[in-house]
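S.K.: Sharing coords17.tsv here; it has TSV, C-alpha atoms.
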```
chain	number	residue	atom	x	y	z
A	207	MET	CA	33.84	96.35	77.08
A	208	ASN	CA	32.84	93.12	78.83
A	209	THR	CA	30.70	92.64	81.89
A	210	PRO	CA	32.05	90.76	84.95
A	211	ALA	CA	33.41	87.40	83.90
A	212	ALA	CA	31.04	85.13	85.84
A	213	PRO	CA	27.47	85.74	84.66
A	214	SER	CA	24.50	84.53	86.67
A	215	HIS	CA	22.11	81.95	85.27
A	216	ARG	CA	19.61	84.74	84.54
A	217	ARG	CA	22.16	86.59	82.41
A	218	ILE	CA	23.07	83.36	80.58
A	219	ILE	CA	19.39	82.73	79.81
A	220	LEU	CA	18.94	86.31	78.59
A	221	ILE	CA	22.02	86.06	76.35
A	222	GLY	CA	20.67	82.87	74.78
A	223	LEU	CA	17.15	84.26	74.48
A	224	VAL	CA	18.26	87.46	72.73
A	225	ALA	CA	20.66	85.58	70.46
A	226	LEU	CA	17.99	83.14	69.30
A	227	ALA	CA	15.45	85.95	68.89
A	228	VAL	CA	17.81	87.66	66.44
A	229	ALA	CA	19.04	84.53	64.66
A	230	MET	CA	15.68	82.87	64.18
A	231	GLY	CA	13.17	85.71	64.37
A	232	VAL	CA	15.13	87.84	61.90
A	233	GLY	CA	17.81	85.71	60.23
A	234	ARG	CA	15.62	82.69	59.60
A	235	PHE	CA	12.02	83.83	59.49
A	236	ALA	CA	11.83	87.53	58.60
A	237	PHE	CA	11.31	86.57	54.98
A	238	THR	CA	8.06	84.72	55.76
A	239	PRO	CA	5.94	87.81	56.61
A	240	LEU	CA	7.84	90.01	54.15
A	241	MET	CA	7.39	87.73	51.13
A	242	PRO	CA	3.71	88.66	50.54
A	243	LEU	CA	4.58	92.34	51.01
A	244	MET	CA	7.39	92.10	48.44
A	245	MET	CA	4.92	90.39	46.10
A	246	ARG	CA	2.53	93.27	46.70
A	247	ASP	CA	5.32	95.74	45.83
A	248	ALA	CA	5.95	93.77	42.60
A	249	THR	CA	9.57	93.12	43.58
A	250	LEU	CA	9.14	89.35	43.97
A	251	ASP	CA	7.10	86.49	42.53
A	252	VAL	CA	6.16	83.15	44.08
A	253	ALA	CA	8.79	81.13	42.21
A	254	THR	CA	11.64	83.47	43.18
A	255	GLY	CA	10.33	83.61	46.74
A	256	ALA	CA	10.45	79.82	47.00
A	257	GLU	CA	14.01	79.85	45.63
A	258	TRP	CA	15.11	82.48	48.17
A	259	ALA	CA	13.48	80.51	50.97
A	260	ALA	CA	15.30	77.38	49.81
A	261	ALA	CA	18.58	79.34	49.69
A	262	ASN	CA	18.11	80.25	53.34
A	263	TYR	CA	17.57	76.59	54.21
A	264	VAL	CA	20.63	75.53	52.21
A	265	GLY	CA	22.61	78.15	54.09
A	266	TYR	CA	21.23	76.80	57.34
A	267	LEU	CA	22.47	73.33	56.36
A	268	VAL	CA	25.94	74.70	55.53
A	269	GLY	CA	25.97	76.56	58.83
A	270	ALA	CA	25.01	73.43	60.75
A	271	LEU	CA	27.72	71.36	59.06
A	272	SER	CA	30.37	74.04	59.70
A	273	ALA	CA	29.31	74.85	63.28
A	274	PRO	CA	31.78	72.31	64.77
A	275	TRP	CA	34.53	74.80	63.78
A	276	PHE	CA	33.48	76.68	66.90
A	277	ALA	CA	33.40	73.68	69.24
A	278	ALA	CA	36.40	75.01	71.20
A	279	ASN	CA	35.05	78.56	71.36
A	280	PRO	CA	31.25	78.74	70.83
A	281	GLN	CA	31.22	82.39	71.97
A	282	ARG	CA	33.13	83.33	68.82
A	283	GLY	CA	30.64	81.55	66.57
A	284	LEU	CA	27.78	83.19	68.45
A	285	GLN	CA	29.12	86.70	67.89
A	286	LEU	CA	30.09	86.14	64.24
A	287	GLY	CA	26.70	84.63	63.51
A	288	LEU	CA	24.78	87.55	65.02
A	289	MET	CA	26.84	90.13	63.13
A	290	GLY	CA	26.28	88.18	59.91
A	291	VAL	CA	22.51	88.16	60.45
A	292	ALA	CA	22.44	91.95	60.92
A	293	VAL	CA	24.56	92.66	57.83
A	294	SER	CA	22.74	90.22	55.51
A	295	THR	CA	19.36	91.54	56.66
A	296	LEU	CA	20.43	95.10	55.86
A	297	GLY	CA	21.55	93.93	52.43
A	298	MET	CA	18.02	92.72	51.67
A	299	ALA	CA	16.86	96.34	51.60
A	300	GLY	CA	18.71	96.78	48.30
A	301	VAL	CA	17.55	93.70	46.39
A	302	ASP	CA	14.82	95.69	44.63
A	303	HIS	CA	17.52	97.21	42.41
A	304	SER	CA	19.83	94.18	42.22
A	305	PRO	CA	19.85	90.93	40.21
A	306	ALA	CA	17.43	88.29	41.51
A	307	TRP	CA	20.29	86.01	42.57
A	308	SER	CA	21.53	88.60	45.09
A	309	GLY	CA	18.53	87.99	47.31
A	310	GLY	CA	19.20	84.26	47.26
A	311	TRP	CA	22.84	84.78	48.27
A	312	LEU	CA	21.88	87.11	51.11
A	313	ARG	CA	19.26	84.70	52.42
A	314	GLY	CA	21.85	81.92	52.19
A	315	VAL	CA	24.37	83.89	54.27
A	316	SER	CA	21.66	84.65	56.79
A	317	GLY	CA	20.87	80.94	57.03
A	318	ILE	CA	24.53	80.06	57.67
A	319	CYS	CA	24.81	82.64	60.43
A	320	SER	CA	21.50	81.61	62.01
A	321	ALA	CA	22.66	78.00	62.31
A	322	TRP	CA	25.93	79.11	63.89
A	323	VAL	CA	24.01	81.07	66.49
A	324	LEU	CA	21.58	78.26	67.31
A	325	VAL	CA	24.32	75.63	67.69
A	326	CYS	CA	26.79	77.89	69.48
A	327	ALA	CA	24.22	79.41	71.82
A	328	SER	CA	23.09	75.91	72.80
A	329	SER	CA	26.70	74.69	73.10
A	330	TRP	CA	27.65	77.55	75.42
A	331	CYS	CA	24.48	78.22	77.40
A	332	LEU	CA	23.48	74.65	78.28
A	333	PRO	CA	26.82	73.63	79.87
A	334	GLU	CA	27.02	76.97	81.70
A	335	LEU	CA	23.55	76.46	83.17
A	336	THR	CA	24.49	72.89	84.13
A	337	ARG	CA	27.59	74.20	85.89
A	338	LEU	CA	25.42	76.63	87.85
A	339	GLN	CA	22.98	73.79	88.68
A	340	ALA	CA	20.25	75.55	86.69
A	341	ALA	CA	19.89	73.07	83.83
A	342	ALA	CA	16.13	72.81	84.47
A	343	LYS	CA	15.82	76.45	83.38
A	344	SER	CA	17.50	75.91	80.02
A	345	GLY	CA	14.17	75.73	78.21
A	346	TRP	CA	13.69	79.46	78.71
A	347	ILE	CA	16.49	80.12	76.22
A	348	TYR	CA	14.38	78.69	73.40
A	349	ALA	CA	11.52	81.07	74.16
A	350	GLY	CA	13.76	83.53	72.32
A	351	VAL	CA	12.84	81.99	68.96
A	352	GLY	CA	9.13	82.62	69.40
A	353	THR	CA	9.82	86.03	70.91
A	354	GLY	CA	11.88	87.00	67.86
A	355	ILE	CA	9.24	85.71	65.45
A	356	ALA	CA	6.51	87.56	67.33
A	357	LEU	CA	8.50	90.82	67.32
A	358	THR	CA	9.36	90.49	63.63
A	359	GLY	CA	5.80	89.54	62.77
A	360	THR	CA	4.33	92.41	64.77
A	361	LEU	CA	6.73	94.90	63.19
A	362	THR	CA	5.83	93.77	59.67
A	363	TRP	CA	2.13	93.49	60.55
A	364	LEU	CA	1.81	97.01	61.98
A	365	GLY	CA	4.20	98.41	59.37
A	366	GLY	CA	2.61	96.58	56.45
A	367	HIS	CA	1.68	99.90	54.82
A	368	GLN	CA	5.39	100.64	54.32
A	369	LEU	CA	7.44	99.44	51.41
A	370	ALA	CA	9.16	96.14	52.11
A	371	TRP	CA	12.69	97.57	51.79
A	372	VAL	CA	11.97	99.97	54.67
A	373	LEU	CA	10.95	97.05	56.84
A	374	TRP	CA	14.19	95.22	55.98
A	375	ILE	CA	16.17	98.21	57.31
A	376	GLU	CA	14.11	98.30	60.50
A	377	LEU	CA	14.69	94.58	61.06
A	378	ALA	CA	18.43	95.01	60.44
A	379	LEU	CA	18.54	97.68	63.15
A	380	LEU	CA	16.70	95.32	65.50
A	381	ALA	CA	19.24	92.58	64.76
A	382	ALA	CA	22.16	94.98	65.29
A	383	MET	CA	20.85	96.01	68.71
A	384	GLY	CA	20.47	92.37	69.76
A	385	SER	CA	23.97	91.57	68.51
A	386	ALA	CA	25.43	94.51	70.44
A	387	TYR	CA	23.73	93.37	73.65
A	388	VAL	CA	25.06	89.82	73.36
A	389	ARG	CA	28.58	91.08	72.67
A	390	TRP	CA	28.39	93.30	75.76
A	391	ALA	CA	26.85	90.64	78.02
A	392	LEU	CA	29.14	87.70	77.16
A	393	PRO	CA	31.92	87.08	79.70
A	394	SER	CA	35.56	87.27	78.74
A	395	SER	CA	36.54	84.23	76.66
A	396	SER	CA	39.72	83.92	78.71
A	397	HIS	CA	37.74	83.42	81.90
A	398	VAL	CA	37.76	79.98	83.49
A	399	THR	CA	35.24	79.62	86.28
A	400	PRO	CA	36.63	78.14	89.48
A	401	GLY	CA	35.39	74.65	89.95
A	402	HIS	CA	34.68	74.13	86.27
A	403	ALA	CA	37.46	71.60	85.94
A	404	ALA	CA	36.08	69.79	88.97
A	405	ASN	CA	32.81	69.30	87.10
A	406	ALA	CA	34.53	68.00	83.97
A	407	SER	CA	34.45	64.40	85.12
A	408	LEU	CA	30.69	64.63	85.54
A	409	LEU	CA	30.23	66.26	82.15
A	410	ASN	CA	32.38	63.66	80.45
A	411	THR	CA	30.19	60.81	81.66
A	412	PRO	CA	28.08	59.70	78.69
A	413	SER	CA	24.36	59.29	79.22
A	414	LYS	CA	22.49	56.05	78.75
A	415	GLY	CA	20.67	55.09	75.60
A	416	GLY	CA	21.37	54.96	71.92
A	417	HIS	CA	19.41	55.63	68.78
A	418	SER	CA	21.35	58.79	67.89
A	419	ARG	CA	20.71	58.07	64.21
A	420	GLY	CA	17.00	57.77	64.92
A	421	LEU	CA	17.05	61.11	66.70
A	422	ILE	CA	18.82	62.71	63.73
A	423	LEU	CA	16.23	61.27	61.31
A	424	CYS	CA	13.33	62.41	63.50
A	425	TYR	CA	14.82	65.89	63.71
A	426	GLY	CA	15.11	65.95	59.93
A	427	ALA	CA	11.46	64.83	59.62
A	428	PHE	CA	10.50	67.61	62.01
A	429	GLY	CA	12.37	70.10	59.79
A	430	TYR	CA	10.26	69.10	56.79
A	431	GLY	CA	7.04	68.82	58.78
A	432	TYR	CA	6.88	72.37	60.06
A	433	ILE	CA	8.46	74.23	57.14
A	434	VAL	CA	5.49	74.36	54.75
A	435	PRO	CA	3.25	76.32	57.15
A	436	ALA	CA	6.26	78.24	58.50
A	437	THR	CA	7.10	79.43	54.98
A	438	PHE	CA	3.73	79.82	53.33
A	439	LEU	CA	1.11	80.62	56.02
A	440	PRO	CA	0.99	84.40	55.36
A	441	THR	CA	1.04	83.74	51.61
A	442	MET	CA	-1.88	81.28	51.92
A	443	ALA	CA	-3.76	83.83	54.02
A	444	ARG	CA	-3.12	86.53	51.40
A	445	GLN	CA	-4.87	84.32	48.82
A	446	LEU	CA	-8.03	84.73	50.93
A	447	VAL	CA	-7.78	88.44	51.79
A	448	ASP	CA	-5.56	91.27	50.49
A	449	ASP	CA	-5.47	93.44	53.64
A	450	PRO	CA	-2.01	93.08	55.27
A	451	LEU	CA	-3.51	93.89	58.67
A	452	ILE	CA	-5.49	90.66	58.33
A	453	PHE	CA	-3.29	88.19	56.43
A	454	GLY	CA	-0.19	89.51	58.24
A	455	LEU	CA	-1.64	88.60	61.63
A	456	THR	CA	-0.96	84.89	61.16
A	457	TRP	CA	2.79	85.33	61.69
A	458	PRO	CA	2.73	87.29	65.00
A	459	LEU	CA	0.30	84.64	66.27
A	460	PHE	CA	2.73	81.93	65.15
A	461	GLY	CA	5.57	83.56	67.10
A	462	LEU	CA	3.45	84.32	70.16
A	463	ALA	CA	2.33	80.71	70.32
A	464	ALA	CA	5.96	79.58	70.01
A	465	ALA	CA	7.15	81.83	72.84
A	466	LEU	CA	4.30	80.96	75.22
A	467	SER	CA	4.48	77.24	74.53
A	468	VAL	CA	8.20	77.07	75.30
A	469	ALA	CA	7.68	79.04	78.50
A	470	LEU	CA	4.87	76.71	79.56
A	471	ALA	CA	6.84	73.60	78.60
A	472	ALA	CA	9.92	74.83	80.46
A	473	ARG	CA	7.81	75.33	83.56
A	474	GLY	CA	5.26	72.50	83.41
A	475	LEU	CA	7.10	69.74	81.54
A	476	ALA	CA	10.57	70.18	83.02
A	477	HIS	CA	10.48	66.72	84.60
A	478	TRP	CA	9.03	64.86	81.60
A	479	PRO	CA	11.42	62.74	79.54
A	480	ARG	CA	12.68	64.91	76.69
A	481	ARG	CA	11.81	62.23	74.16
A	482	GLN	CA	8.14	62.22	75.19
A	483	VAL	CA	7.93	66.02	75.15
A	484	TRP	CA	9.32	65.95	71.62
A	485	ALA	CA	6.89	63.21	70.54
A	486	LEU	CA	3.88	65.07	71.93
A	487	ALA	CA	4.96	68.30	70.22
A	488	GLN	CA	5.25	66.60	66.82
A	489	ALA	CA	1.85	64.93	67.20
A	490	VAL	CA	0.16	68.29	67.87
A	491	MET	CA	2.13	69.82	64.99
A	492	ALA	CA	0.73	67.11	62.70
A	493	MET	CA	-2.77	68.31	63.62
A	494	GLY	CA	-1.70	71.83	62.63
A	495	THR	CA	-0.57	70.69	59.18
A	496	LEU	CA	-3.73	68.60	58.72
A	497	ILE	CA	-6.39	71.19	59.54
A	498	PRO	CA	-5.86	73.45	56.46
A	499	LEU	CA	-6.23	70.35	54.28
A	500	LEU	CA	-9.75	69.86	55.61
A	501	GLN	CA	-10.85	73.46	55.08
A	502	GLN	CA	-9.18	76.58	53.67
A	503	SER	CA	-10.32	79.62	55.65
A	504	LEU	CA	-8.80	82.33	57.80
A	505	TRP	CA	-9.79	80.59	61.02
A	506	THR	CA	-8.25	77.27	59.98
A	507	LEU	CA	-5.04	79.01	58.93
A	508	THR	CA	-5.02	80.86	62.26
A	509	LEU	CA	-5.53	77.61	64.14
A	510	SER	CA	-2.76	76.01	62.08
A	511	ALA	CA	-0.44	78.91	62.97
A	512	MET	CA	-1.22	78.43	66.67
A	513	LEU	CA	-0.72	74.64	66.62
A	514	VAL	CA	2.46	74.62	64.52
A	515	GLY	CA	3.86	77.76	66.16
A	516	GLY	CA	2.96	76.40	69.57
A	517	THR	CA	4.91	73.18	69.08
A	518	PHE	CA	7.85	73.72	66.72
A	519	MET	CA	10.03	75.37	69.37
A	520	VAL	CA	8.99	72.86	72.02
A	521	ALA	CA	10.21	70.14	69.66
A	522	THR	CA	13.40	72.13	69.00
A	523	MET	CA	14.00	72.64	72.72
A	524	ALA	CA	13.37	69.00	73.62
A	525	GLY	CA	15.49	67.71	70.73
A	526	LEU	CA	18.50	69.88	71.57
A	527	GLN	CA	18.20	69.10	75.28
A	528	LEU	CA	18.10	65.41	74.41
A	529	ALA	CA	21.29	65.86	72.37
A	530	ARG	CA	22.85	67.53	75.39
A	531	GLU	CA	21.90	64.51	77.52
A	532	ARG	CA	23.38	62.12	74.96
A	533	MET	CA	26.74	63.94	74.73
A	534	PRO	CA	27.12	66.01	77.89
A	535	ALA	CA	30.84	66.75	77.57
A	536	ASN	CA	30.72	68.24	74.07
A	537	PRO	CA	27.25	68.33	72.49
A	538	THR	CA	28.34	70.42	69.49
A	539	PRO	CA	28.91	67.49	67.04
A	540	LEU	CA	25.51	65.88	67.70
A	541	LEU	CA	23.79	69.28	67.78
A	542	ALA	CA	25.37	70.06	64.41
A	543	ARG	CA	24.28	66.73	62.87
A	544	MET	CA	20.72	67.14	64.13
A	545	THR	CA	20.60	70.74	62.93
A	546	GLY	CA	21.97	69.61	59.56
A	547	ALA	CA	19.22	66.98	59.22
A	548	PHE	CA	16.68	69.62	60.24
A	549	ALA	CA	18.03	71.94	57.54
A	550	ALA	CA	17.85	69.17	54.92
A	551	GLY	CA	14.19	68.63	55.80
A	552	GLN	CA	13.56	72.35	55.46
A	553	ILE	CA	15.17	72.43	52.04
A	554	ALA	CA	12.90	69.62	50.85
A	555	GLY	CA	9.71	71.51	51.80
A	556	PRO	CA	9.78	74.61	49.57
A	557	LEU	CA	11.61	72.78	46.80
A	558	LEU	CA	8.86	70.16	46.71
A	559	VAL	CA	6.23	72.91	46.52
A	560	ARG	CA	8.25	74.62	43.77
A	561	LEU	CA	8.61	71.36	41.81
A	562	MET	CA	4.93	70.43	42.02
A	563	ALA	CA	3.84	73.98	41.17
A	564	THR	CA	5.77	73.78	37.90
A	565	GLN	CA	3.89	70.64	36.90
A	566	ASP	CA	0.15	70.45	36.28
A	567	LEU	CA	-0.71	71.34	39.89
A	568	THR	CA	-1.68	74.83	41.00
A	569	GLN	CA	0.25	76.43	43.85
A	570	ALA	CA	-2.66	75.74	46.23
A	571	ALA	CA	-2.73	72.06	45.26
A	572	ALA	CA	1.06	71.81	45.63
A	573	LEU	CA	0.82	73.23	49.14
A	574	GLN	CA	-1.90	70.72	50.01
A	575	TRP	CA	0.15	67.74	48.82
A	576	ALA	CA	3.23	68.98	50.68
A	577	SER	CA	1.16	69.51	53.85
A	578	GLY	CA	-0.36	66.03	53.57
A	579	LEU	CA	3.11	64.47	53.39
A	580	ALA	CA	4.19	66.57	56.38
A	581	THR	CA	1.24	65.28	58.41
A	582	LEU	CA	2.14	61.67	57.66
A	583	ILE	CA	5.84	62.06	58.44
A	584	LEU	CA	5.17	63.91	61.69
A	585	MET	CA	2.77	61.26	62.93
A	586	VAL	CA	5.12	58.35	62.14
A	587	THR	CA	8.10	59.95	63.86
A	588	SER	CA	5.96	60.98	66.83
A	589	VAL	CA	4.97	57.36	67.42
A	590	TRP	CA	8.60	56.23	67.16
A	591	LEU	CA	9.80	58.86	69.62
A	592	TRP	CA	7.11	57.96	72.14
A	593	ARG	CA	7.72	54.22	72.03
A	594	VAL	CA	11.50	53.86	71.69
A	595	LYS	CA	13.41	54.11	74.95
```
Could I get this structure in the form of structure tokens?

M.R.:
Amino acid sequence: MNTPAAPSHRRIILIGLVALAVAMGVGRFAFTPLMPLMMRDATLDVATGAEWAAANYVGYLVGALSAPWFAANPQRGLQLGLMGVAVSTLGMAGVDHSPAWSGGWLRGVSGICSAWVLVCASSWCLPELTRLQAAAKSGWIYAGVGTGIALTGTLTWLGGHQLAWVLWIELALLAAMGSAYVRWALPSSSHVTPGHAANASLLNTPSKGGHSRGLILCYGAFGYGYIVPATFLPTMARQLVDDPLIFGLTWPLFGLAAALSVALAARGLAHWPRRQVWALAQAVMAMGTLIPLLQQSLWTLTLSAMLVGGTFMVATMAGLQLARERMPANPTPLLARMTGAFAAGQIAGPLLVRLMATQDLTQAAALQWASGLATLILMVTSVWLWRVK
């Protein structure tokens, strides 16, 4: 059963927020806080964990490249993606008694569906908010990513005494509830809002500026830059202390920082050029990847979680809004290319750690080298974004 066919801007924001909370908080990042718990339960080792993480990022790339299938009907991609996240998350509860490759396939499917949701939610919500003259409020949608990460992190933090497979079931139920809400709240796909055609001429007017390839490269660099802490922060913390109530706290803090930063940016930086917001976010993120290189302790890892978590969704929000400005009539193709570059950067992160860890380097040294490269790349792209008009 559908709600009335013309949702308000508040309902559109809530649909996008819930969708991204499920897709990213569960589909993309649930594995991060659960990986050390699965290692504790002796159902996973570091090498397999890195491979499963990479499988999710490969899936995310496939999802980004295939997202243009839904350009004519992003609502369909949004619903399919959310259902896929819930089902693949539930499947993870059974990997303890399955071949190791099954976890990789499930994380890959989850990555595909997460990318569909991110691209399709942006493709549907942003034009709808523009039509309702509420485009300035679009940033609130991306607070859903941090909200989802914080909820997932808190659930795994407080429930860390449970076996990991139980937590996978609980997260699948959370994803299913979010999926059901979005399905209920979306308007009928057959609905055409009066006056929408009248706005088409405005939406089909291309924005000024070029450098789309540069934006795609910077978004790919951003994907690599944040992924090492986003994948391995709880694992690095577990190397310092075994108590899940302590090492598990880094991930809820990461998500809380992400949610609050997007809310603050949506309110306080709404009139800043999107390119400069993105540049500033990547510069602060570079500080977050640098600090653990200077000292390995719980407080530096916590500070890193706050800095990286507090900027990665601001960069995501600004980048996708910039894509919307570049191609206002149909942003899906550019959104998909940027998301694909982002996914490629994410794939490079854990694979680089995995490759270096199989050489003469220890896992800790591999993480340090990967973080050092992330710092350099983030700083270079931040300068380019700030200076190029």

S.K.: Between A:Val252, A:Leu579, A:Ala356, A:Leu271, which one has atoms that come closest to Ala227 (chain A), using all atoms listed in the file?

M.R.: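 Residue with the minimum atom-to-atom distance to Ala227 (chain A): A:Ala356.
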
S.K.: For a quick check of understanding, using all atoms listed in the file, which of A:Phe548, A:Tyr432, A:Tyr348, A:Trp275 has the smallest distance to Ile219 (chain A)?

M.R.: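 When distances to Ile219 (chain A) are compared using all atoms listed in the file, the smallest one comes from A:Tyr348.
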
S.K.: Within 12 Å of (29.5, 78.6, 71.1) (file coordinates; all atoms listed in the file), which protein or nucleic acid residues are there? I'd like them as number ranges by chain.

M.R.: A: 221-222, 225, 273-288, 321-334, 392, 395, 536-539, 541-542

S.K.: Between A:Leu250, A:Ile433, A:Leu470, A:Ala299, single out the one closest to Arg234 (chain A), counting only C-alpha atoms.

M.R.: A:Ile433

S.K.: Which residues, written as a ChimeraX atom specification, have at least one atom at most 10 Å from Gln574 (chain A), with all atoms listed in the file counted and residues fewer than 6 positions away on the same chain left out?

M.R.: /A:434,495-496,498-500,559,568,580

S.K.: Report as number ranges by chain all protein, DNA and RNA residues lying within 8 Å of Ile355 (chain A), evaluated on only C-alpha atoms, omitting residues in the same chain fewer than 5 positions from it.

M.R.: A: 227, 230-232, 235-236, 457-458, 460-462

S.K.: May I have the selected residues written with C-alpha atoms, as a PDB file, in the coordinates of the input?

M.R.:
```pdb
ATOM      1  CA  ALA A 227      15.450  85.950  68.890  1.00  0.00           C
ATOM      2  CA  MET A 230      15.680  82.870  64.180  1.00  0.00           C
ATOM      3  CA  GLY A 231      13.170  85.710  64.370  1.00  0.00           C
ATOM      4  CA  VAL A 232      15.130  87.840  61.900  1.00  0.00           C
ATOM      5  CA  PHE A 235      12.020  83.830  59.490  1.00  0.00           C
ATOM      6  CA  ALA A 236      11.830  87.530  58.600  1.00  0.00           C
ATOM      7  CA  TRP A 457       2.790  85.330  61.690  1.00  0.00           C
ATOM      8  CA  PRO A 458       2.730  87.290  65.000  1.00  0.00           C
ATOM      9  CA  PHE A 460       2.730  81.930  65.150  1.00  0.00           C
ATOM     10  CA  GLY A 461       5.570  83.560  67.100  1.00  0.00           C
ATOM     11  CA  LEU A 462       3.450  84.320  70.160  1.00  0.00           C
TER      12      LEU A 462
END
```

S.K.: Interatomic distance between CA of Ala248 (chain A) and CA of Trp307 (chain A)?

M.R.: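 That distance, rounded to one decimal, is 16.3 Å.
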
S.K.: Given the choices A:Ser344, A:Thr254, A:Ser272, A:Ser577, which gets closest to Thr545 (chain A) if the distance is worked out from only C-alpha atoms?

M.R.: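 Nearest to Thr545 (chain A): A:Ser272.
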
S.K.: In Å to one decimal, how far is CA of Leu475 (chain A) from CA of Met544 (chain A)?

M.R.: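 Between CA of Met544 (chain A) and CA of Leu475 (chain A) the gap is 22.3 Å.
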
S.K.: Quote the spacing between CA of Leu335 (chain A) and CA of Ile218 (chain A) in Å to one decimal place.

M.R.: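 It comes out at 7.4 Å.
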
S.K.: Please list as JSON, numbers by chain every residue within 9 Å of Leu540 (chain A), counting all atoms listed in the file and excluding residues in the same chain fewer than 4 positions away.

M.R.: {"A": [418, 422, 526, 529, 530, 532, 533, 536, 544, 545]}

S.K.: Can you give me N, CA and C atoms for region 357-373 of chain A, written as a PDB file, keeping the file's coordinate frame?

M.R.:
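Saved to part10.pdb:
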```pdb
ATOM      1  N   LEU A 357       8.085  89.434  67.510  1.00  0.00           N
ATOM      2  CA  LEU A 357       8.500  90.820  67.320  1.00  0.00           C
ATOM      3  C   LEU A 357       8.604  91.162  65.829  1.00  0.00           C
ATOM      4  N   THR A 358       9.238  90.262  65.068  1.00  0.00           N
ATOM      5  CA  THR A 358       9.360  90.490  63.630  1.00  0.00           C
ATOM      6  C   THR A 358       7.986  90.529  62.966  1.00  0.00           C
ATOM      7  N   GLY A 359       7.131  89.586  63.348  1.00  0.00           N
ATOM      8  CA  GLY A 359       5.800  89.540  62.770  1.00  0.00           C
ATOM      9  C   GLY A 359       4.970  90.760  63.108  1.00  0.00           C
ATOM     10  N   THR A 360       5.091  91.226  64.356  1.00  0.00           N
ATOM     11  CA  THR A 360       4.330  92.410  64.770  1.00  0.00           C
ATOM     12  C   THR A 360       4.830  93.650  64.043  1.00  0.00           C
ATOM     13  N   LEU A 361       6.160  93.758  63.894  1.00  0.00           N
ATOM     14  CA  LEU A 361       6.730  94.900  63.190  1.00  0.00           C
ATOM     15  C   LEU A 361       6.251  94.940  61.734  1.00  0.00           C
ATOM     16  N   THR A 362       6.270  93.800  61.065  1.00  0.00           N
ATOM     17  CA  THR A 362       5.830  93.770  59.670  1.00  0.00           C
ATOM     18  C   THR A 362       4.320  93.872  59.546  1.00  0.00           C
ATOM     19  N   TRP A 363       3.597  93.408  60.566  1.00  0.00           N
ATOM     20  CA  TRP A 363       2.130  93.490  60.550  1.00  0.00           C
ATOM     21  C   TRP A 363       1.689  94.948  60.707  1.00  0.00           C
ATOM     22  N   LEU A 364       2.210  95.621  61.740  1.00  0.00           N
ATOM     23  CA  LEU A 364       1.810  97.010  61.980  1.00  0.00           C
ATOM     24  C   LEU A 364       2.406  97.946  60.927  1.00  0.00           C
ATOM     25  N   GLY A 365       3.564  97.564  60.382  1.00  0.00           N
ATOM     26  CA  GLY A 365       4.200  98.410  59.370  1.00  0.00           C
ATOM     27  C   GLY A 365       3.939  97.957  57.959  1.00  0.00           C
ATOM     28  N   GLY A 366       2.896  97.149  57.765  1.00  0.00           N
ATOM     29  CA  GLY A 366       2.610  96.580  56.450  1.00  0.00           C
ATOM     30  C   GLY A 366       2.282  97.607  55.384  1.00  0.00           C
ATOM     31  N   HIS A 367       1.964  98.847  55.800  1.00  0.00           N
ATOM     32  CA  HIS A 367       1.680  99.900  54.820  1.00  0.00           C
ATOM     33  C   HIS A 367       2.962 100.459  54.211  1.00  0.00           C
ATOM     34  N   GLN A 368       4.103 100.171  54.840  1.00  0.00           N
ATOM     35  CA  GLN A 368       5.390 100.640  54.320  1.00  0.00           C
ATOM     36  C   GLN A 368       5.878  99.744  53.186  1.00  0.00           C
ATOM     37  N   LEU A 369       6.794 100.270  52.408  1.00  0.00           N
ATOM     38  CA  LEU A 369       7.440  99.440  51.410  1.00  0.00           C
ATOM     39  C   LEU A 369       8.306  98.386  52.105  1.00  0.00           C
ATOM     40  N   ALA A 370       8.455  97.245  51.470  1.00  0.00           N
ATOM     41  CA  ALA A 370       9.160  96.140  52.110  1.00  0.00           C
ATOM     42  C   ALA A 370      10.613  96.486  52.422  1.00  0.00           C
ATOM     43  N   TRP A 371      11.280  97.264  51.554  1.00  0.00           N
ATOM     44  CA  TRP A 371      12.690  97.570  51.790  1.00  0.00           C
ATOM     45  C   TRP A 371      12.886  98.386  53.064  1.00  0.00           C
ATOM     46  N   VAL A 372      11.893  99.200  53.412  1.00  0.00           N
ATOM     47  CA  VAL A 372      11.970  99.970  54.670  1.00  0.00           C
ATOM     48  C   VAL A 372      11.910  99.015  55.863  1.00  0.00           C
ATOM     49  N   LEU A 373      11.054  98.021  55.764  1.00  0.00           N
ATOM     50  CA  LEU A 373      10.950  97.050  56.840  1.00  0.00           C
ATOM     51  C   LEU A 373      12.232  96.238  57.002  1.00  0.00           C
TER      52      LEU A 373
END
```
